[in-house]
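What's in structure_21.cif: mmCIF, C-alpha atoms (C1' of nucleotides)
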```
data_run
#
loop_
_atom_site.group_PDB
_atom_site.id
_atom_site.type_symbol
_atom_site.label_atom_id
_atom_site.label_comp_id
_atom_site.auth_asym_id
_atom_site.auth_seq_id
_atom_site.Cartn_x
_atom_site.Cartn_y
_atom_site.Cartn_z
ATOM 1 C CA MET A 1 143.463 124.990 44.613
ATOM 2 C CA THR A 2 139.866 124.795 43.647
ATOM 3 C CA ILE A 3 137.372 127.281 44.959
ATOM 4 C CA ALA A 4 133.692 126.675 45.167
ATOM 5 C CA LEU A 5 131.834 128.926 42.775
ATOM 6 C CA PRO A 6 128.684 129.955 44.565
ATOM 7 C CA LEU A 7 127.038 131.287 41.460
ATOM 8 C CA LEU A 8 127.366 128.171 39.403
ATOM 9 C CA THR A 9 125.174 125.124 39.578
ATOM 10 C CA GLU A 10 126.497 121.587 39.564
ATOM 11 C CA ASP A 11 124.547 120.176 36.662
ATOM 12 C CA GLY A 12 126.236 120.935 33.389
ATOM 13 C CA THR A 13 123.150 121.762 31.371
ATOM 14 C CA ALA A 14 121.425 124.603 33.116
ATOM 15 C CA CYS A 15 124.625 126.017 34.518
ATOM 16 C CA CYS A 16 125.821 129.580 34.373
ATOM 17 C CA GLY A 17 122.638 131.532 34.000
ATOM 18 C CA THR A 18 123.066 135.262 33.725
ATOM 19 C CA VAL A 19 120.747 138.150 34.299
ATOM 20 C CA ALA A 20 121.507 139.511 30.873
ATOM 21 C CA GLY A 21 121.233 136.171 29.149
ATOM 22 C CA GLY A 22 117.486 135.633 29.112
ATOM 23 C CA ALA A 23 114.853 134.241 31.412
ATOM 24 C CA LEU A 24 116.223 132.568 34.513
ATOM 25 C CA GLU A 25 114.826 129.649 36.432
ATOM 26 C CA SER A 26 113.782 130.361 39.991
ATOM 27 C CA GLU A 27 116.660 128.357 41.384
ATOM 28 C CA GLN A 28 119.225 130.291 39.400
ATOM 29 C CA ALA A 29 117.609 133.596 40.266
ATOM 30 C CA GLU A 30 117.767 132.705 43.942
ATOM 31 C CA ARG A 31 121.384 131.679 43.701
ATOM 32 C CA ILE A 32 122.310 134.924 42.012
ATOM 33 C CA ALA A 33 120.226 137.063 44.347
ATOM 34 C CA ARG A 34 121.814 135.471 47.395
ATOM 35 C CA VAL A 35 125.211 136.879 46.472
ATOM 36 C CA PHE A 36 123.920 140.314 45.575
ATOM 37 C CA LYS A 37 121.924 140.454 48.754
ATOM 38 C CA ALA A 38 125.187 140.181 50.646
ATOM 39 C CA LEU A 39 126.539 143.000 48.488
ATOM 40 C CA GLY A 40 123.428 145.079 49.123
ATOM 41 C CA ASP A 41 124.614 146.589 52.373
ATOM 42 C CA PRO A 42 127.052 149.525 52.384
ATOM 43 C CA THR A 43 128.845 148.209 55.447
ATOM 44 C CA ARG A 44 129.550 144.891 53.787
ATOM 45 C CA VAL A 45 130.698 146.587 50.601
ATOM 46 C CA LYS A 46 133.081 148.637 52.676
ATOM 47 C CA LEU A 47 134.295 145.583 54.575
ATOM 48 C CA LEU A 48 135.099 143.754 51.364
ATOM 49 C CA SER A 49 136.920 146.742 49.942
ATOM 50 C CA LEU A 50 138.907 147.166 53.144
ATOM 51 C CA ILE A 51 139.996 143.546 53.213
ATOM 52 C CA GLY A 52 140.658 143.319 49.496
ATOM 53 C CA GLY A 53 142.551 146.577 49.563
ATOM 54 C CA SER A 54 144.758 145.696 52.490
ATOM 55 C CA ASP A 55 148.371 144.913 51.795
ATOM 56 C CA THR A 56 148.198 141.376 53.114
ATOM 57 C CA GLY A 57 144.756 140.689 51.698
ATOM 58 C CA GLU A 58 143.465 139.629 55.067
ATOM 59 C CA MET A 59 142.121 141.415 58.105
ATOM 60 C CA CYS A 60 140.755 140.487 61.507
ATOM 61 C CA ILE A 61 137.606 141.789 63.147
ATOM 62 C CA CYS A 62 139.577 144.037 65.455
ATOM 63 C CA ASP A 63 141.055 145.857 62.458
ATOM 64 C CA LEU A 64 137.651 146.296 60.842
ATOM 65 C CA THR A 65 135.520 147.734 63.614
ATOM 66 C CA ASP A 66 137.187 151.134 63.609
ATOM 67 C CA PRO A 67 137.039 151.828 59.832
ATOM 68 C CA VAL A 68 133.349 150.993 59.607
ATOM 69 C CA GLY A 69 132.493 152.596 62.940
ATOM 70 C CA LEU A 70 130.328 149.771 64.227
ATOM 71 C CA ALA A 71 130.429 147.529 67.278
ATOM 72 C CA GLN A 72 132.356 144.298 67.202
ATOM 73 C CA PRO A 73 129.305 141.991 67.199
ATOM 74 C CA THR A 74 127.874 143.884 64.267
ATOM 75 C CA VAL A 75 131.047 143.535 62.233
ATOM 76 C CA SER A 76 131.201 139.873 63.146
ATOM 77 C CA HIS A 77 127.638 139.502 61.964
ATOM 78 C CA HIS A 78 128.351 141.138 58.621
ATOM 79 C CA MET A 79 131.437 139.047 58.034
ATOM 80 C CA LYS A 80 129.409 135.922 58.687
ATOM 81 C CA GLN A 81 126.979 137.034 55.996
ATOM 82 C CA LEU A 82 129.828 137.512 53.556
ATOM 83 C CA VAL A 83 131.297 134.118 54.352
ATOM 84 C CA GLU A 84 127.942 132.402 53.944
ATOM 85 C CA ALA A 85 127.488 134.140 50.603
ATOM 86 C CA GLY A 86 130.775 132.705 49.434
ATOM 87 C CA LEU A 87 132.420 136.095 49.144
ATOM 88 C CA ALA A 88 134.848 135.799 52.060
ATOM 89 C CA THR A 89 136.698 133.126 53.977
ATOM 90 C CA ARG A 90 137.430 132.910 57.666
ATOM 91 C CA GLU A 91 140.575 131.452 59.123
ATOM 92 C CA GLN A 92 141.270 131.241 62.809
ATOM 93 C CA ARG A 93 144.880 131.793 63.783
ATOM 94 C CA GLY A 94 145.436 132.032 67.483
ATOM 95 C CA LYS A 95 143.099 134.519 69.029
ATOM 96 C CA TRP A 96 142.372 136.227 65.750
ATOM 97 C CA ALA A 97 139.994 135.397 62.936
ATOM 98 C CA TYR A 98 141.425 136.434 59.599
ATOM 99 C CA PHE A 99 139.099 137.148 56.722
ATOM 100 C CA ARG A 100 139.955 137.192 53.045
ATOM 101 C CA VAL A 101 137.982 137.962 49.911
ATOM 102 C CA VAL A 102 137.392 134.705 48.055
ATOM 103 C CA ASP A 103 139.521 134.711 44.942
ATOM 104 C CA GLY A 104 137.354 135.051 41.862
ATOM 105 C CA ALA A 105 134.101 135.414 43.758
ATOM 106 C CA LEU A 106 133.531 139.022 42.741
ATOM 107 C CA GLN A 107 134.463 138.221 39.153
ATOM 108 C CA ASN A 108 131.937 135.406 39.117
ATOM 109 C CA ALA A 109 129.283 137.685 40.526
ATOM 110 C CA ALA A 110 130.099 140.278 37.903
ATOM 111 C CA ARG A 111 129.875 137.649 35.185
ATOM 112 C CA THR A 112 126.259 136.931 36.012
ATOM 113 C CA LEU A 113 125.466 140.502 35.045
ATOM 114 C CA LEU A 114 127.203 140.437 31.698
ATOM 115 C CA PRO A 115 125.886 139.015 28.405
ATOM 116 C CA GLU A 116 127.068 135.500 27.719
ATOM 117 C CA MET B 1 147.170 156.524 51.956
ATOM 118 C CA THR B 2 145.365 155.794 48.767
ATOM 119 C CA ILE B 3 144.560 152.253 47.857
ATOM 120 C CA ALA B 4 143.098 151.000 44.635
ATOM 121 C CA LEU B 5 139.806 149.507 45.749
ATOM 122 C CA PRO B 6 138.023 147.666 42.976
ATOM 123 C CA LEU B 7 134.679 148.002 44.713
ATOM 124 C CA LEU B 8 134.937 151.666 45.353
ATOM 125 C CA THR B 9 136.326 152.986 42.120
ATOM 126 C CA GLU B 10 133.834 155.082 40.230
ATOM 127 C CA ASP B 11 133.420 154.164 36.586
ATOM 128 C CA GLY B 12 133.660 157.616 35.134
ATOM 129 C CA THR B 13 133.735 160.444 37.601
ATOM 130 C CA ALA B 14 135.857 161.339 40.628
ATOM 131 C CA CYS B 15 137.947 158.218 40.509
ATOM 132 C CA CYS B 16 140.474 157.164 43.115
ATOM 133 C CA GLY B 17 142.555 160.294 43.126
ATOM 134 C CA THR B 18 142.760 162.999 45.726
ATOM 135 C CA VAL B 19 139.864 162.291 47.993
ATOM 136 C CA ALA B 20 140.328 158.853 49.446
ATOM 137 C CA GLY B 21 138.855 159.948 52.749
ATOM 138 C CA GLY B 22 136.602 157.713 54.764
ATOM 139 C CA ALA B 23 133.555 159.858 54.206
ATOM 140 C CA LEU B 24 133.762 159.548 50.462
ATOM 141 C CA GLU B 25 134.329 155.872 50.767
ATOM 142 C CA SER B 26 131.117 155.513 52.692
ATOM 143 C CA GLU B 27 129.246 157.490 50.092
ATOM 144 C CA GLN B 28 130.523 155.335 47.267
ATOM 145 C CA ALA B 29 129.852 152.189 49.238
ATOM 146 C CA GLU B 30 126.276 153.302 49.716
ATOM 147 C CA ARG B 31 125.817 154.065 46.061
ATOM 148 C CA ILE B 32 127.181 150.686 45.077
ATOM 149 C CA ALA B 33 125.160 148.839 47.689
ATOM 150 C CA ARG B 34 121.981 150.515 46.506
ATOM 151 C CA VAL B 35 122.226 148.830 43.129
ATOM 152 C CA PHE B 36 123.099 145.437 44.527
ATOM 153 C CA LYS B 37 120.316 145.699 47.041
ATOM 154 C CA ALA B 38 117.918 145.880 44.127
ATOM 155 C CA LEU B 39 119.615 142.814 42.662
ATOM 156 C CA GLY B 40 119.413 141.019 45.996
ATOM 157 C CA ASP B 41 115.894 139.715 45.525
ATOM 158 C CA PRO B 42 115.261 136.619 43.379
ATOM 159 C CA THR B 43 112.023 138.035 42.033
ATOM 160 C CA ARG B 44 113.745 141.158 40.768
ATOM 161 C CA VAL B 45 116.572 139.138 39.241
ATOM 162 C CA LYS B 46 113.980 137.080 37.429
ATOM 163 C CA LEU B 47 112.103 140.170 36.305
ATOM 164 C CA LEU B 48 115.230 141.688 34.820
ATOM 165 C CA SER B 49 116.109 138.478 33.025
ATOM 166 C CA LEU B 50 112.587 138.175 31.656
ATOM 167 C CA ILE B 51 112.548 141.690 30.292
ATOM 168 C CA GLY B 52 116.087 141.598 28.983
ATOM 169 C CA GLY B 53 115.522 138.235 27.394
ATOM 170 C CA SER B 54 112.288 139.153 25.660
ATOM 171 C CA ASP B 55 112.362 139.613 21.921
ATOM 172 C CA THR B 56 111.297 143.243 22.018
ATOM 173 C CA GLY B 57 113.369 144.069 25.099
ATOM 174 C CA GLU B 58 110.362 145.470 26.882
ATOM 175 C CA MET B 59 107.488 144.025 28.868
ATOM 176 C CA CYS B 60 104.455 145.308 30.736
ATOM 177 C CA ILE B 61 103.323 144.353 34.239
ATOM 178 C CA CYS B 62 100.560 142.165 32.877
ATOM 179 C CA ASP B 63 103.126 140.025 31.063
ATOM 180 C CA LEU B 64 105.289 139.698 34.156
ATOM 181 C CA THR B 65 102.846 138.650 36.856
ATOM 182 C CA ASP B 66 102.339 135.135 35.492
ATOM 183 C CA PRO B 67 106.019 134.171 35.045
ATOM 184 C CA VAL B 68 106.952 135.252 38.558
ATOM 185 C CA GLY B 69 103.712 133.999 40.120
ATOM 186 C CA LEU B 70 103.038 137.089 42.219
ATOM 187 C CA ALA B 71 100.157 139.539 42.463
ATOM 188 C CA GLN B 72 100.100 142.635 40.301
ATOM 189 C CA PRO B 73 100.800 145.119 43.112
ATOM 190 C CA THR B 74 103.810 143.085 44.167
ATOM 191 C CA VAL B 75 105.266 143.039 40.673
ATOM 192 C CA SER B 76 104.586 146.734 40.362
ATOM 193 C CA HIS B 77 106.419 147.279 43.630
ATOM 194 C CA HIS B 78 109.456 145.320 42.477
ATOM 195 C CA MET B 79 109.614 147.147 39.171
ATOM 196 C CA LYS B 80 109.564 150.431 41.023
ATOM 197 C CA GLN B 81 112.557 149.288 43.034
ATOM 198 C CA LEU B 82 114.416 148.416 39.854
ATOM 199 C CA VAL B 83 113.595 151.760 38.262
ATOM 200 C CA GLU B 84 114.701 153.660 41.349
ATOM 201 C CA ALA B 85 117.953 151.711 41.374
ATOM 202 C CA GLY B 86 118.581 152.801 37.801
ATOM 203 C CA LEU B 87 118.361 149.304 36.412
ATOM 204 C CA ALA B 88 115.104 149.659 34.508
ATOM 205 C CA THR B 89 113.050 152.320 32.797
ATOM 206 C CA ARG B 90 109.314 152.768 32.689
ATOM 207 C CA GLU B 91 107.397 154.122 29.732
ATOM 208 C CA GLN B 92 103.654 154.568 29.688
ATOM 209 C CA ARG B 93 102.008 153.830 26.345
ATOM 210 C CA GLY B 94 98.268 153.807 26.469
ATOM 211 C CA LYS B 95 97.019 151.586 29.227
ATOM 212 C CA TRP B 96 100.274 149.744 29.504
ATOM 213 C CA ALA B 97 103.510 150.531 31.292
ATOM 214 C CA TYR B 98 106.471 149.147 29.400
ATOM 215 C CA PHE B 99 109.655 148.374 31.254
ATOM 216 C CA ARG B 100 113.122 147.993 29.798
ATOM 217 C CA VAL B 101 116.510 147.121 31.224
ATOM 218 C CA VAL B 102 118.667 150.240 31.222
ATOM 219 C CA ASP B 103 121.353 149.825 28.611
ATOM 220 C CA GLY B 104 124.735 149.424 30.248
ATOM 221 C CA ALA B 105 123.395 149.433 33.791
ATOM 222 C CA LEU B 106 124.257 145.816 34.468
ATOM 223 C CA GLN B 107 127.675 146.270 32.889
ATOM 224 C CA ASN B 108 128.339 149.244 35.126
ATOM 225 C CA ALA B 109 127.267 147.288 38.173
ATOM 226 C CA ALA B 110 129.526 144.437 37.114
ATOM 227 C CA ARG B 111 132.423 146.807 36.653
ATOM 228 C CA THR B 112 132.277 147.884 40.275
ATOM 229 C CA LEU B 113 133.120 144.300 41.178
ATOM 230 C CA LEU B 114 136.069 143.885 38.842
ATOM 231 C CA PRO B 115 139.651 144.996 39.413
ATOM 232 C CA GLU B 116 140.571 148.266 37.788
ATOM 233 C "C1'" DT C 1 78.873 158.102 28.929
ATOM 234 C "C1'" DC C 2 79.723 153.598 30.880
ATOM 235 C "C1'" DG C 3 82.201 149.647 31.721
ATOM 236 C "C1'" DA C 4 86.452 147.215 31.345
ATOM 237 C "C1'" DT C 5 91.385 147.078 31.460
ATOM 238 C "C1'" DA C 6 96.171 148.128 33.182
ATOM 239 C "C1'" DC C 7 98.593 149.992 36.652
ATOM 240 C "C1'" DA C 8 99.846 152.548 41.058
ATOM 241 C "C1'" DT C 9 99.002 153.451 45.725
ATOM 242 C "C1'" DC C 10 97.333 152.479 50.357
ATOM 243 C "C1'" DG C 11 96.812 149.819 54.539
ATOM 244 C "C1'" DA C 12 97.997 145.967 56.861
ATOM 245 C "C1'" DC C 13 100.646 142.152 58.195
ATOM 246 C "C1'" DA C 14 104.393 138.646 59.041
ATOM 247 C "C1'" DG C 15 108.982 138.009 58.628
ATOM 248 C "C1'" DA C 16 113.671 139.607 57.798
ATOM 249 C "C1'" DT C 17 117.406 142.816 58.873
ATOM 250 C "C1'" DG C 18 120.847 145.890 61.203
ATOM 251 C "C1'" DT C 19 122.295 147.252 65.500
ATOM 252 C "C1'" DC C 20 124.027 147.075 70.251
ATOM 253 C "C1'" DA C 21 124.759 145.506 75.266
ATOM 254 C "C1'" DA C 22 125.535 141.522 77.696
ATOM 255 C "C1'" DT C 23 127.429 137.227 77.788
ATOM 256 C "C1'" DA C 24 129.781 132.966 76.505
ATOM 257 C "C1'" DC C 25 133.714 130.768 74.364
ATOM 258 C "C1'" DG C 26 138.450 129.824 73.131
ATOM 259 C "C1'" DA C 27 143.272 131.002 73.115
ATOM 260 C "C1'" DC C 28 147.067 133.089 74.806
ATOM 261 C "C1'" DT C 29 149.759 135.000 78.981
ATOM 262 C "C1'" DG C 30 151.262 135.679 83.502
ATOM 263 C "C1'" DC D 1 145.406 128.253 87.253
ATOM 264 C "C1'" DA D 2 143.472 132.931 86.777
ATOM 265 C "C1'" DG D 3 143.082 136.787 83.928
ATOM 266 C "C1'" DT D 4 143.036 139.068 79.544
ATOM 267 C "C1'" DC D 5 142.108 139.504 74.756
ATOM 268 C "C1'" DG D 6 139.667 138.624 70.320
ATOM 269 C "C1'" DT D 7 135.283 136.669 68.553
ATOM 270 C "C1'" DA D 8 130.945 134.550 68.313
ATOM 271 C "C1'" DT D 9 126.444 134.150 70.138
ATOM 272 C "C1'" DT D 10 122.295 135.624 72.450
ATOM 273 C "C1'" DG D 11 118.509 138.622 73.378
ATOM 274 C "C1'" DA D 12 116.246 142.633 72.527
ATOM 275 C "C1'" DC D 13 114.747 146.326 69.766
ATOM 276 C "C1'" DA D 14 113.450 149.415 65.908
ATOM 277 C "C1'" DT D 15 113.244 149.487 61.237
ATOM 278 C "C1'" DC D 16 112.905 147.662 56.688
ATOM 279 C "C1'" DT D 17 110.937 144.380 53.311
ATOM 280 C "C1'" DG D 18 107.921 141.403 50.623
ATOM 281 C "C1'" DT D 19 103.375 140.293 50.079
ATOM 282 C "C1'" DC D 20 98.415 140.777 49.296
ATOM 283 C "C1'" DG D 21 93.526 142.743 49.157
ATOM 284 C "C1'" DA D 22 91.189 146.884 48.508
ATOM 285 C "C1'" DT D 23 90.967 151.077 46.324
ATOM 286 C "C1'" DG D 24 92.178 154.988 43.301
ATOM 287 C "C1'" DT D 25 93.489 156.612 38.533
ATOM 288 C "C1'" DA D 26 93.996 156.831 33.815
ATOM 289 C "C1'" DT D 27 93.024 154.907 29.271
ATOM 290 C "C1'" DC D 28 90.561 152.525 25.857
ATOM 291 C "C1'" DG D 29 86.394 150.520 23.583
ATOM 292 C "C1'" DA D 30 81.446 150.151 22.913
#
```
Please express the file's structure as structure tokens.
Amino acid sequence: MTIALPLLTEDGTACCGTVAGGALESEQAERIARVFKALGDPTRVKLLSLIGGSDTGEMCICDLTDPVGLAQPTVSHHMKQLVEAGLATREQRGKWAYFRVVDGALQNAARTLLPE
Amino acid sequence: MTIALPLLTEDGTACCGTVAGGALESEQAERIARVFKALGDPTRVKLLSLIGGSDTGEMCICDLTDPVGLAQPTVSHHMKQLVEAGLATREQRGKWAYFRVVDGALQNAARTLLPE
DNA sequence: TCGATACATCGACAGATGTCAATACGACTG
DNA sequence: CAGTCGTATTGACATCTGTCGATGTATCGA
């Protein structure tokens, strides 16, 4: 199964820019910043760690509201941010929406901070 | 219950041992988010890549305003954010303020995203 | 000493962000 | 079908953020 890599561009040449690898084009900087912006909120960091640390690897909103101590709409809002950043996926099963951490997404984000 | 949470494990100190309470989790989540918040702006990502990719490894504000296309106070503001996040250092030499990327800071940030 | 240069800070502003209550929507259940 | 449950959306609000012009501060050169 192939997963979209939010940090990588489609064109082969200017692909894979890293923060540590020299001057970045604006487009690459924006792409990189978009992911880290999603990681720039303590609630979202906690949400990702909760989901990724769960035994099944997936959690629904109702299981997340209590640990983070925020209202349901707020948690829903944060999860939407994470999904749009390519860090989480949403799957509806019955009444529940199950969220997972996208496999490899955090590794890809980390890679943009390391020297090439 | 103690879970190995890649995002919440401290690199050196007080790692994942006795205190896996919620309060400590929040504190670590905040510390992690603070760094990524600084990386969550395309201008700051570009600034870091410019400085880190320069031949001397350091640049002054006057050399940074043109590449990012923003006014001097704005660049100064962004560099302050990066310094406060621990990602850059500032050194005054004569009229100029030279900024460097903190050695190992990006690697440490990356490590908080990787599995233990 | 005077002017120029490099930078930080201030004040202001528009826009983004995090939060919640209220509400709407969809799916199950009786 | 009616009601309940889990989520998403909306609207509202306070706060934060990015940006710039104007101004203050320190340093250097003439």
Would you mind listing, for every residue of chain A within 9 Å of chain D, the two atoms forming the shortest contact and the distance between them in Å to one decimal, using only C-alpha atoms (C1' of nucleotides), sorted by chain and ascending residue number, as JSON lines?
```
{"residue": "A:Ile61", "atom": "CA", "partner": "D:DT7", "partner_atom": "C1'", "distance": 7.8}
{"residue": "A:Cys62", "atom": "CA", "partner": "D:DG6", "partner_atom": "C1'", "distance": 7.3}
{"residue": "A:Gln72", "atom": "CA", "partner": "D:DT7", "partner_atom": "C1'", "distance": 8.3}
{"residue": "A:Pro73", "atom": "CA", "partner": "D:DA8", "partner_atom": "C1'", "distance": 7.7}
{"residue": "A:Ser76", "atom": "CA", "partner": "D:DA8", "partner_atom": "C1'", "distance": 7.4}
{"residue": "A:His77", "atom": "CA", "partner": "D:DA8", "partner_atom": "C1'", "distance": 8.7}
{"residue": "A:Lys95", "atom": "CA", "partner": "D:DG6", "partner_atom": "C1'", "distance": 5.5}
{"residue": "A:Trp96", "atom": "CA", "partner": "D:DG6", "partner_atom": "C1'", "distance": 5.8}
{"residue": "A:Ala97", "atom": "CA", "partner": "D:DT7", "partner_atom": "C1'", "distance": 7.4}
```
- request: Enumerate, as a PyMOL selection string, the residues matched when the PyMOL selection byres ((chain A) within 8 of (chain B)) is run on the file above.
  value: chain A and resi 18-26+29-43+45-46+48-50+52-53+67+106-107+109-111+113-114
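Neighbourhood of point (145.7, 128.6, 69.7): residues with an atom at most 7 Å away, counting all atoms listed in the file, are Arg93, Gly94 and Lys95 of chain A; DA27 and DC28 of chain C.
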task: Least-squares fit chain A onto chain B by Cα, in order, and just send back the RMSD.
output: 7.2 Å
message: What does the structure give for the distance between CA of Arg90 (chain A) and C1' of DG26 (chain C), in Å to one decimal?
response: 15.8 Å
field: Interatomic distance, CA of Leu87 (chain A) to CA of Val102 (chain A) (Å, one decimal)
entry: 5.3 Å
message: I need the output of the PyMOL selection byres ((chain C) within 8 of (chain B)) for this file as a ChimeraX atom specification; which residues are they?
response: /C:5-8
Could you save the residues just selected, with C-alpha atoms (C1' of nucleotides), as a CSV table (one decimal), in the frame of the given file?
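Result file part.csv:
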```csv
chain,number,residue,atom,x,y,z
C,5,DT,C1',91.4,147.1,31.5
C,6,DA,C1',96.2,148.1,33.2
C,7,DC,C1',98.6,150.0,36.7
C,8,DA,C1',99.8,152.5,41.1
```
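Across the structure, CA of His78 (chain B) and CA of Gln81 (chain A) are spaced 23.6 Å apart.
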Show me that you can extract region 2-20 of chain D, keeping N, CA and C atoms (P, O5', C5', C4', C3', O3' and C1' of nucleotides), and write it as a compact mmCIF listing (two decimals), in the first residue's frame.
```
# COMPACT_ATOMS: atom_id res chain seq x y z
P DA D 2 -41.93 9.66 13.58
O5' DA D 2 -41.27 9.45 15.01
C5' DA D 2 -41.88 8.56 15.95
C4' DA D 2 -40.94 8.33 17.12
C3' DA D 2 -40.20 9.59 17.58
O3' DA D 2 -40.09 9.59 18.99
C1' DA D 2 -38.64 7.95 16.87
P DG D 3 -39.40 10.84 19.75
O5' DG D 3 -38.08 10.19 20.35
C5' DG D 3 -38.17 8.93 21.03
C4' DG D 3 -36.79 8.39 21.29
C3' DG D 3 -35.79 9.43 21.81
O3' DG D 3 -35.04 8.88 22.87
C1' DG D 3 -34.92 8.39 19.89
P DT D 4 -34.13 9.81 23.81
O5' DT D 4 -32.71 9.10 23.71
C5' DT D 4 -32.63 7.68 23.59
C4' DT D 4 -31.28 7.29 23.01
C3' DT D 4 -30.12 8.18 23.46
O3' DT D 4 -29.03 7.37 23.82
C1' DT D 4 -30.14 8.03 21.11
P DC D 5 -27.85 7.96 24.75
O5' DC D 5 -26.56 7.68 23.86
C5' DC D 5 -26.44 6.45 23.15
C4' DC D 5 -25.48 6.61 22.00
C3' DC D 5 -24.27 7.50 22.32
O3' DC D 5 -23.09 6.82 21.95
C1' DC D 5 -25.31 8.21 20.32
P DG D 6 -21.68 7.39 22.54
O5' DG D 6 -20.96 7.89 21.20
C5' DG D 6 -20.73 6.95 20.16
C4' DG D 6 -20.28 7.67 18.91
C3' DG D 6 -19.12 8.66 19.12
O3' DG D 6 -18.17 8.46 18.10
C1' DG D 6 -20.95 9.76 18.09
P DT D 7 -16.75 9.24 18.15
O5' DT D 7 -16.81 10.20 16.87
C5' DT D 7 -17.99 10.88 16.62
C4' DT D 7 -17.96 11.49 15.23
C3' DT D 7 -16.94 12.61 15.06
O3' DT D 7 -16.52 12.69 13.72
C1' DT D 7 -19.16 13.49 15.08
P DA D 8 -15.45 13.79 13.31
O5' DA D 8 -16.34 14.87 12.58
C5' DA D 8 -17.18 14.47 11.50
C4' DA D 8 -17.98 15.66 10.98
C3' DA D 8 -17.15 16.92 10.70
O3' DA D 8 -17.57 17.47 9.47
C1' DA D 8 -18.90 17.40 12.25
P DT D 9 -16.86 18.79 8.92
O5' DT D 9 -17.90 19.95 9.23
C5' DT D 9 -19.28 19.71 8.99
C4' DT D 9 -20.12 20.89 9.48
C3' DT D 9 -19.48 22.27 9.25
O3' DT D 9 -20.44 23.10 8.63
C1' DT D 9 -20.18 22.04 11.50
P DT D 10 -20.02 24.55 8.08
O5' DT D 10 -20.74 25.53 9.09
C5' DT D 10 -22.08 25.27 9.51
C4' DT D 10 -22.45 26.18 10.67
C3' DT D 10 -21.88 27.60 10.57
O3' DT D 10 -22.96 28.52 10.61
C1' DT D 10 -21.52 26.67 12.72
P DG D 11 -22.73 30.05 10.28
O5' DG D 11 -22.66 30.70 11.73
C5' DG D 11 -23.60 30.31 12.73
C4' DG D 11 -23.27 30.98 14.05
C3' DG D 11 -22.62 32.36 13.92
O3' DG D 11 -23.17 33.22 14.91
C1' DG D 11 -21.20 30.93 15.16
P DA D 12 -22.85 34.79 14.89
O5' DA D 12 -22.03 34.97 16.24
C5' DA D 12 -22.46 34.31 17.42
C4' DA D 12 -21.32 34.24 18.43
C3' DA D 12 -20.48 35.51 18.53
O3' DA D 12 -20.61 36.05 19.83
C1' DA D 12 -19.13 33.55 18.44
P DC D 13 -20.07 37.52 20.14
O5' DC D 13 -18.68 37.26 20.86
C5' DC D 13 -18.62 36.36 21.97
C4' DC D 13 -17.20 35.94 22.21
C3' DC D 13 -16.19 37.09 22.16
O3' DC D 13 -15.87 37.48 23.49
C1' DC D 13 -15.39 35.06 21.13
P DA D 14 -14.91 38.73 23.71
O5' DA D 14 -13.52 38.03 24.03
C5' DA D 14 -13.46 36.98 24.98
C4' DA D 14 -12.09 36.33 24.95
C3' DA D 14 -10.92 37.31 25.07
O3' DA D 14 -9.92 36.75 25.92
C1' DA D 14 -10.76 36.12 23.03
P DT D 15 -8.64 37.64 26.28
O5' DT D 15 -7.49 36.95 25.42
C5' DT D 15 -7.37 35.53 25.41
C4' DT D 15 -6.51 35.08 24.26
C3' DT D 15 -5.16 35.81 24.15
O3' DT D 15 -4.12 34.86 24.34
C1' DT D 15 -6.23 35.57 22.04
P DC D 16 -2.59 35.34 24.39
O5' DC D 16 -2.08 34.88 22.95
C5' DC D 16 -2.42 33.58 22.49
C4' DC D 16 -2.06 33.44 21.02
C3' DC D 16 -0.65 33.93 20.66
O3' DC D 16 -0.02 32.92 19.89
C1' DC D 16 -2.25 34.91 19.23
P DT D 17 1.50 33.06 19.44
O5' DT D 17 1.35 33.62 17.95
C5' DT D 17 0.42 33.02 17.06
C4' DT D 17 0.58 33.61 15.68
C3' DT D 17 1.99 34.08 15.33
O3' DT D 17 2.30 33.63 14.03
C1' DT D 17 0.45 35.84 15.00
P DG D 18 3.81 33.66 13.51
O5' DG D 18 3.75 34.68 12.28
C5' DG D 18 2.79 34.46 11.26
C4' DG D 18 2.68 35.70 10.39
C3' DG D 18 4.02 36.30 9.94
O3' DG D 18 3.94 36.61 8.56
C1' DG D 18 2.70 37.94 11.04
P DT D 19 5.24 37.09 7.77
O5' DT D 19 5.07 38.66 7.69
C5' DT D 19 3.96 39.22 7.00
C4' DT D 19 3.78 40.67 7.34
C3' DT D 19 5.04 41.53 7.29
O3' DT D 19 5.21 42.02 5.98
C1' DT D 19 3.53 42.14 9.08
P DC D 20 6.54 42.87 5.63
O5' DC D 20 6.16 44.35 6.06
C5' DC D 20 4.96 44.96 5.58
C4' DC D 20 4.71 46.25 6.35
C3' DC D 20 5.90 47.21 6.31
O3' DC D 20 5.53 48.41 5.66
C1' DC D 20 5.04 46.93 8.53
```
